[in-house]
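Asker: Mind having a look at this structure? Questions to follow.
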Amino acid sequence: MNITVGMSGGVDSAVAAYLLKKQGHAVTGVFMLNWEEEDANGVCTAADDYEDVRRVCDVIDIPYYTVNFSTEYRERVFSVFQHEYAAGRTPNPDVLCNSEIKFNAFLDFTLQTQADALATGHYARLTKRDGLTMLLRGTDRNKDQSYFLCTLNQRQLNRAMFPVGDMQKRDVRKIAADIGLPNAAKKDSTGICFIGERKFFDFISRHVPTKSGDMVDVDTQKVLGRHQGLSHYTVGQRKGIGLGGMGSGAAWFVADKDVPHNILYVCQGRDHPALYREGLETEGFSWIMGESPAQSFACTAKFRYRQQDAPCKVVVQARGVRVLFDTKQRAVTPGQYCVLYDGEVCLGGGVILRGC
RNA sequence: UGGGGUGUAGCCAAGUGGUAAGGCACGGGACUUUGACUCCCGCAUUCGUAGGUUCAAAUCCUGCCACCCCAG
């Protein structure tokens with residue numbers, strides 16, 4: 001097969017490319033440049049990453065080149081990111097990036113280049129069942145990235161390959177080291193995909209209009225201070241509230257946001273009841289199989305990445321799903337994705353409209 | 001300008017003669033392909049201020065300053 005590997009400069013995609021080449025496929029490494037802003041130090045990290053791609057591909061001995069989807073990224077991912085924050089929600093741009101850029105704009109592009117499939121270094125697995133492509137959690141429980149792939153559809157998954165999805169991260173690094181890949185010990189990348197680690201407060205300030213307002217105690221309704229713009233806060237957040245020396249002495253957390261009135265509601269104590277929700281509703285829901293398994297059913301849910309699965313009941317609604325947790329969950333956050341799982345199988349995901 | 005009280009880090013607050021607890025906030029790091037959470041580390045040579053007593057004072061004494069309360 002002719003396989004294009006989306007290469008980031010990291011070990012996972014590098015080893016993915018190596019494994020496919022070793023299996024006899026015709027592999028081409030492609031580096032995507034989707035964000036052209038320098039970081040706080042004036043450094044363009046993408047240049048360093050591409051340099052790693054070059055060196056890796058030389059070692060593996062495969063052709064490589066770079067493509068630029070920064071326009072598509074800005075229009076289809078970043079604009080949504082901005083609108084969501086402006087609306088008081090906390091978006092997950094990386095989920096959107098997978099469905100709109102990597103496995104959409106980029107996938108289409110690679111197919112036009114005669115590639116048969118697009119491989120990435122994601123920790124997730126694919127398997128066929130009844131003619132459908134199922135998305136499974138990555139074998140490495142600590143690295144599982146199926147959450148980020150929750151909105152991919154059959155068309156996209158049918159052309160996708162995740163060569164390291166059934167491996168442990170440490171084994172991936174070992175292979176990288178064994179074959180002499182220069183990035184074998186490179187630190188895992190973090191931050192928004194393609195944008196990278198940022199001082200988030202400043203980043204939001206630059207890209208989203210913010211307006212300061214009152215911080216109100218959810219219990220007493222008293223104004224305790226000023227917030228610096230609702231977009232800077234996420235439900236359940238502790239950092240940045242700046243309150244101290246009051247009440248019980250415990251830390252304060254963001255309980256809720258009133259966007260129309262520009263009020264940040266805060267509460268004291270990590271386990272304050274105001275932080276808990278019985279369930280949630282999503283706006284729309286993307287089913288991996290194309291449709292829901294039933295009108296209502298039991299399964300587990302993650303409503304943020306790297307969170308333990310919460311057992312729940314799901315009811316499919318006209319738009320989206322309604323999820324009722326077996327036990328109350330802390331900090332259900334509008335804008336984040338609620339991803340459903342049936343054991344190893346990722347059923348799909350939808351954006352959280354509200355906790356309830 | 002009679003009486004009483006209080007002044008310890010950005011905030012709250014232990015400590016009443018033996019060489020500055022703790023919490024919150026904040027900063028840094030770890031974790032992490034979102035944002036958060038979490039964890040770890042750091043954070044008052046100094047206790048309103050000026051003197052005095054003492055081997056030794058945030059702790060005792062005196063003056064001054066500030067704030068609060070009661071009475072005027």
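Labels used: A, B, ... for chains in the order of the structure tokens, numbers from 1 for residues in each chain, and numbers from 1 for ligands as shown.
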For C26 of chain B, please output as an MDAnalysis selection string all residues within 10 Å (counting only C-alpha atoms (C1' of nucleotides); exclusion window: fewer than 2 positions along the same chain).
Answerer: (chainID A and resid 239:240 242) or (chainID B and resid 10 24 43)
Asker: Take the residues that were just selected and, keeping N, CA and C atoms (P, O5', C5', C4', C3', O3' and C1' of nucleotides), output them as a tab-separated table (two decimals), in the first residue's frame.
Answerer:
```
chain	number	residue	atom	x	y	z
A	239	LYS	N	-6.79	27.80	39.81
A	239	LYS	CA	-5.80	28.85	39.58
A	239	LYS	C	-6.42	30.13	39.03
A	240	GLY	N	-5.90	31.24	39.49
A	240	GLY	CA	-6.28	32.51	38.90
A	240	GLY	C	-7.44	33.23	39.55
A	242	GLY	N	-7.50	34.06	42.80
A	242	GLY	CA	-6.85	35.10	43.62
A	242	GLY	C	-7.46	35.38	44.97
B	10	G	P	3.16	41.73	51.98
B	10	G	O5'	1.86	41.46	51.13
B	10	G	C5'	1.18	42.54	50.48
B	10	G	C4'	-0.13	42.01	49.99
B	10	G	C3'	-1.00	41.40	51.09
B	10	G	O3'	-1.78	42.40	51.73
B	10	G	C1'	-0.86	39.89	49.28
B	24	C	P	-3.88	25.51	50.90
B	24	C	O5'	-4.51	26.92	50.54
B	24	C	C5'	-5.93	27.11	50.56
B	24	C	C4'	-6.25	28.56	50.33
B	24	C	C3'	-5.62	29.19	49.10
B	24	C	O3'	-6.34	28.89	47.92
B	24	C	C1'	-5.35	30.63	50.94
B	43	C	P	11.78	29.01	50.72
B	43	C	O5'	10.73	30.18	50.51
B	43	C	C5'	11.06	31.32	49.72
B	43	C	C4'	9.85	32.19	49.56
B	43	C	C3'	9.15	32.54	50.86
B	43	C	O3'	9.76	33.65	51.49
B	43	C	C1'	7.56	31.87	49.25
```
Asker: Give me the chain A side of the contact with chain B, cut-off 8 Å, one line per residue showing its nearest atom pair and distance in Å at one decimal, counting only C-alpha atoms (C1' of nucleotides), sorted by chain and residue number, as JSON lines.
Answerer:
```
{"residue": "A:Thr90", "atom": "CA", "partner": "B:G35", "partner_atom": "C1'", "distance": 6.1}
{"residue": "A:Pro91", "atom": "CA", "partner": "B:U34", "partner_atom": "C1'", "distance": 6.9}
{"residue": "A:Asn92", "atom": "CA", "partner": "B:U34", "partner_atom": "C1'", "distance": 4.3}
{"residue": "A:Pro93", "atom": "CA", "partner": "B:U34", "partner_atom": "C1'", "distance": 5.8}
{"residue": "A:Asp94", "atom": "CA", "partner": "B:U34", "partner_atom": "C1'", "distance": 5.9}
{"residue": "A:Ser189", "atom": "CA", "partner": "B:U33", "partner_atom": "C1'", "distance": 5.9}
{"residue": "A:Thr190", "atom": "CA", "partner": "B:U33", "partner_atom": "C1'", "distance": 4.9}
{"residue": "A:Gly191", "atom": "CA", "partner": "B:U33", "partner_atom": "C1'", "distance": 6.1}
{"residue": "A:Ile192", "atom": "CA", "partner": "B:U34", "partner_atom": "C1'", "distance": 5.8}
{"residue": "A:Cys193", "atom": "CA", "partner": "B:U33", "partner_atom": "C1'", "distance": 5.4}
{"residue": "A:Thr234", "atom": "CA", "partner": "B:A36", "partner_atom": "C1'", "distance": 6.3}
{"residue": "A:Val235", "atom": "CA", "partner": "B:A36", "partner_atom": "C1'", "distance": 7.6}
{"residue": "A:Gly236", "atom": "CA", "partner": "B:A36", "partner_atom": "C1'", "distance": 6.9}
{"residue": "A:Gln237", "atom": "CA", "partner": "B:A36", "partner_atom": "C1'", "distance": 5.7}
{"residue": "A:Gly242", "atom": "CA", "partner": "B:A25", "partner_atom": "C1'", "distance": 5.4}
{"residue": "A:Leu243", "atom": "CA", "partner": "B:A25", "partner_atom": "C1'", "distance": 6.1}
{"residue": "A:Gly244", "atom": "CA", "partner": "B:C24", "partner_atom": "C1'", "distance": 4.0}
{"residue": "A:Gly245", "atom": "CA", "partner": "B:C12", "partner_atom": "C1'", "distance": 3.7}
{"residue": "A:Met246", "atom": "CA", "partner": "B:C12", "partner_atom": "C1'", "distance": 6.2}
{"residue": "A:Gly249", "atom": "CA", "partner": "B:G23", "partner_atom": "C1'", "distance": 5.6}
{"residue": "A:Ala250", "atom": "CA", "partner": "B:C24", "partner_atom": "C1'", "distance": 6.3}
{"residue": "A:Ala251", "atom": "CA", "partner": "B:C24", "partner_atom": "C1'", "distance": 6.0}
```
Asker: Could the residues in this selection be written to a file with N, CA and C atoms, as a CSV table (one decimal), in the first residue's frame?
Answerer:
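The new file result.csv reads:
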```
chain,number,residue,atom,x,y,z
A,90,THR,N,-15.5,26.2,27.2
A,90,THR,CA,-14.1,25.7,27.1
A,90,THR,C,-14.0,24.7,26.1
A,91,PRO,N,-13.6,25.0,24.9
A,91,PRO,CA,-13.5,24.1,23.7
A,91,PRO,C,-12.3,23.2,23.8
A,92,ASN,N,-12.4,22.1,23.0
A,92,ASN,CA,-11.2,21.2,22.9
A,92,ASN,C,-10.9,21.3,21.4
A,93,PRO,N,-10.0,22.1,21.0
A,93,PRO,CA,-9.6,22.3,19.6
A,93,PRO,C,-9.0,21.1,18.9
A,94,ASP,N,-8.4,20.2,19.8
A,94,ASP,CA,-7.7,19.1,19.2
A,94,ASP,C,-8.7,18.0,18.7
A,189,SER,N,4.9,15.9,23.2
A,189,SER,CA,4.5,17.2,23.0
A,189,SER,C,3.2,17.5,23.8
A,190,THR,N,3.0,18.7,24.2
A,190,THR,CA,1.8,19.1,24.9
A,190,THR,C,1.3,20.4,24.4
A,191,GLY,N,0.2,20.8,24.9
A,191,GLY,CA,-0.4,22.1,24.4
A,191,GLY,C,-1.3,21.8,23.2
A,192,ILE,N,-2.0,22.8,22.7
A,192,ILE,CA,-2.8,22.6,21.6
A,192,ILE,C,-2.0,22.1,20.4
A,193,CYS,N,-2.6,21.1,19.8
A,193,CYS,CA,-1.9,20.5,18.6
A,193,CYS,C,-1.6,21.5,17.5
A,234,THR,N,-12.3,28.2,33.6
A,234,THR,CA,-13.0,27.0,33.2
A,234,THR,C,-13.7,26.4,34.5
A,235,VAL,N,-14.8,25.9,34.3
A,235,VAL,CA,-15.5,25.3,35.5
A,235,VAL,C,-14.6,24.3,36.2
A,236,GLY,N,-14.6,24.4,37.5
A,236,GLY,CA,-13.7,23.5,38.3
A,236,GLY,C,-12.3,24.0,38.5
A,237,GLN,N,-12.0,25.2,37.8
A,237,GLN,CA,-10.7,25.7,37.9
A,237,GLN,C,-10.4,26.4,39.3
A,242,GLY,N,-7.5,34.1,42.8
A,242,GLY,CA,-6.8,35.1,43.6
A,242,GLY,C,-7.5,35.4,45.0
A,243,LEU,N,-8.4,34.5,45.4
A,243,LEU,CA,-9.0,34.8,46.7
A,243,LEU,C,-8.3,34.0,47.8
A,244,GLY,N,-8.1,34.7,48.9
A,244,GLY,CA,-7.4,34.0,50.0
A,244,GLY,C,-7.8,34.6,51.3
A,245,GLY,N,-7.6,33.8,52.4
A,245,GLY,CA,-7.8,34.4,53.7
A,245,GLY,C,-9.3,34.6,54.1
A,246,MET,N,-10.2,33.9,53.4
A,246,MET,CA,-11.6,34.1,53.7
A,246,MET,C,-12.2,32.7,54.1
A,249,GLY,N,-10.9,29.0,54.8
A,249,GLY,CA,-9.4,28.9,54.5
A,249,GLY,C,-9.1,28.0,53.3
A,250,ALA,N,-10.2,27.3,52.8
A,250,ALA,CA,-9.9,26.3,51.7
A,250,ALA,C,-9.8,27.1,50.4
A,251,ALA,N,-9.4,26.4,49.4
A,251,ALA,CA,-9.2,27.1,48.1
A,251,ALA,C,-10.5,27.3,47.4
```
Asker: For segment 51-62 of chain B, please output as a ChimeraX atom specification all residues within 7 Å (counting only C-alpha atoms (C1' of nucleotides); exclusion window: fewer than 2 positions along the same chain).
Answerer: /B:8,16-18,47
Asker: Name the residues of segment 30-228 of chain A that fall into helix (DSSP H, G or I) according to DSSP on the backbone, using the chain letters and numbers of this document, as a PyMOL selection string.
Answerer: chain A and resi 45-60+70-86+93-112+146-149+154-157+169-178+200-207
Asker: Mind the document's chain letters and residue numbers, and return as a short mmCIF file (atom, residue, chain, number, x, y, z; two decimals) with C-alpha atoms, in the first residue's frame the residues of segment 71-175 of chain A that DSSP labels strand (DSSP E).
Answerer:
```cif
data_model
loop_
_atom_site.label_atom_id
_atom_site.label_comp_id
_atom_site.auth_asym_id
_atom_site.auth_seq_id
_atom_site.Cartn_x
_atom_site.Cartn_y
_atom_site.Cartn_z
CA ALA A 117 -4.31 5.41 3.69
CA LEU A 118 -3.28 8.00 6.21
CA ALA A 119 -1.40 6.86 9.29
CA ALA A 124 -5.88 4.20 19.47
CA ARG A 125 -6.84 1.02 17.65
CA LEU A 126 -9.09 0.20 14.74
CA THR A 127 -10.87 -3.06 14.13
CA LYS A 128 -13.48 -4.33 11.69
CA ARG A 129 -16.80 -5.58 12.96
CA LEU A 132 -17.81 -1.29 10.17
CA THR A 133 -14.57 0.17 11.41
CA MET A 134 -14.59 0.38 15.17
CA LEU A 135 -12.41 2.72 17.16
CA LEU A 136 -10.87 1.18 20.25
CA ARG A 137 -8.92 2.65 23.11
CA ALA A 160 -6.87 5.68 8.88
CA MET A 161 -4.10 3.63 10.43
#
```
Asker: What does the distance between atom CA of Leu347 of chain A and atom CA of Met7 of chain A come to in Å, to one decimal place?
Answerer: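 According to the coordinates, atom CA of Leu347 of chain A and atom CA of Met7 of chain A are separated by 26.6 Å.
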Asker: Which polymer residues have any atom within 12 Å of an atom of Ser13 of chain A, counting only C-alpha atoms (C1' of nucleotides), with same-chain residues fewer than 4 positions away left out, as number ranges by chain?
Answerer: A: 4-9, 17-20, 27-31, 49, 52-53, 56-57, 60, 118-123, 161-165, 169, 172-173, 176, 181, 183-184, 188-189
Asker: Show which residues sit within 10 Å of Val321 of chain A, as a PyMOL selection string. Count only C-alpha atoms (C1' of nucleotides), and ignore same-chain residues fewer than 2 positions away.
Answerer: chain A and resi 280-285+292+295-296+314-319+323-324+338+349-353
Asker: Just write the chosen residues, C-alpha atoms, as a tab-separated table (two decimals), in the first residue's frame.
Answerer:
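Saved file result_1.tsv follows:
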```tsv
chain	number	residue	atom	x	y	z
A	280	LEU	CA	-25.20	16.39	31.01
A	281	GLU	CA	-26.59	17.10	27.58
A	282	THR	CA	-24.62	17.35	24.37
A	283	GLU	CA	-25.43	19.38	21.32
A	284	GLY	CA	-25.31	16.82	18.60
A	285	PHE	CA	-23.39	13.61	18.81
A	292	SER	CA	-26.45	5.09	18.02
A	295	GLN	CA	-32.29	4.63	21.88
A	296	SER	CA	-31.07	4.29	25.44
A	314	VAL	CA	-27.47	7.40	27.83
A	315	VAL	CA	-30.65	8.54	26.19
A	316	VAL	CA	-30.53	9.60	22.58
A	317	GLN	CA	-32.39	12.82	21.97
A	318	ALA	CA	-33.50	14.68	18.89
A	319	ARG	CA	-30.27	16.60	19.01
A	323	VAL	CA	-26.17	11.35	29.92
A	324	LEU	CA	-27.07	10.44	33.47
A	338	CYS	CA	-18.38	13.89	26.30
A	349	GLY	CA	-18.56	11.98	21.19
A	350	GLY	CA	-20.41	15.24	21.38
A	351	VAL	CA	-19.85	18.72	22.73
A	352	ILE	CA	-21.28	19.29	26.18
A	353	LEU	CA	-24.06	21.82	26.05
```
Asker: Enter the distance from atom CA of Asp309 of chain A to atom CA of Tyr341 of chain A, in Å, rounded to one decimal.
Answerer: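 Atom-to-atom, atom CA of Asp309 of chain A to atom CA of Tyr341 of chain A, that is 8.2 Å.
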Asker: Using only C-alpha atoms (C1' of nucleotides), which residues sit within 12 Å of U6 of chain B once same-chain residues fewer than 2 positions away are excluded, as a ChimeraX atom specification?
Answerer: /B:4,48,66-69
Asker: Skipping near chain neighbours, those fewer than 4 positions away, what residues fall within 9 Å of segment 300-302 of chain A using only C-alpha atoms (C1' of nucleotides), listed as a list in words?
Answerer: Tyr147, Arg306, Gln307, Gln308, Asp309, Ala310, Pro311, Cys312, Lys313, Val323, Phe325, Tyr337, Cys338, Val339, Leu340, Tyr341, Asp342 and Gly343 of chain A
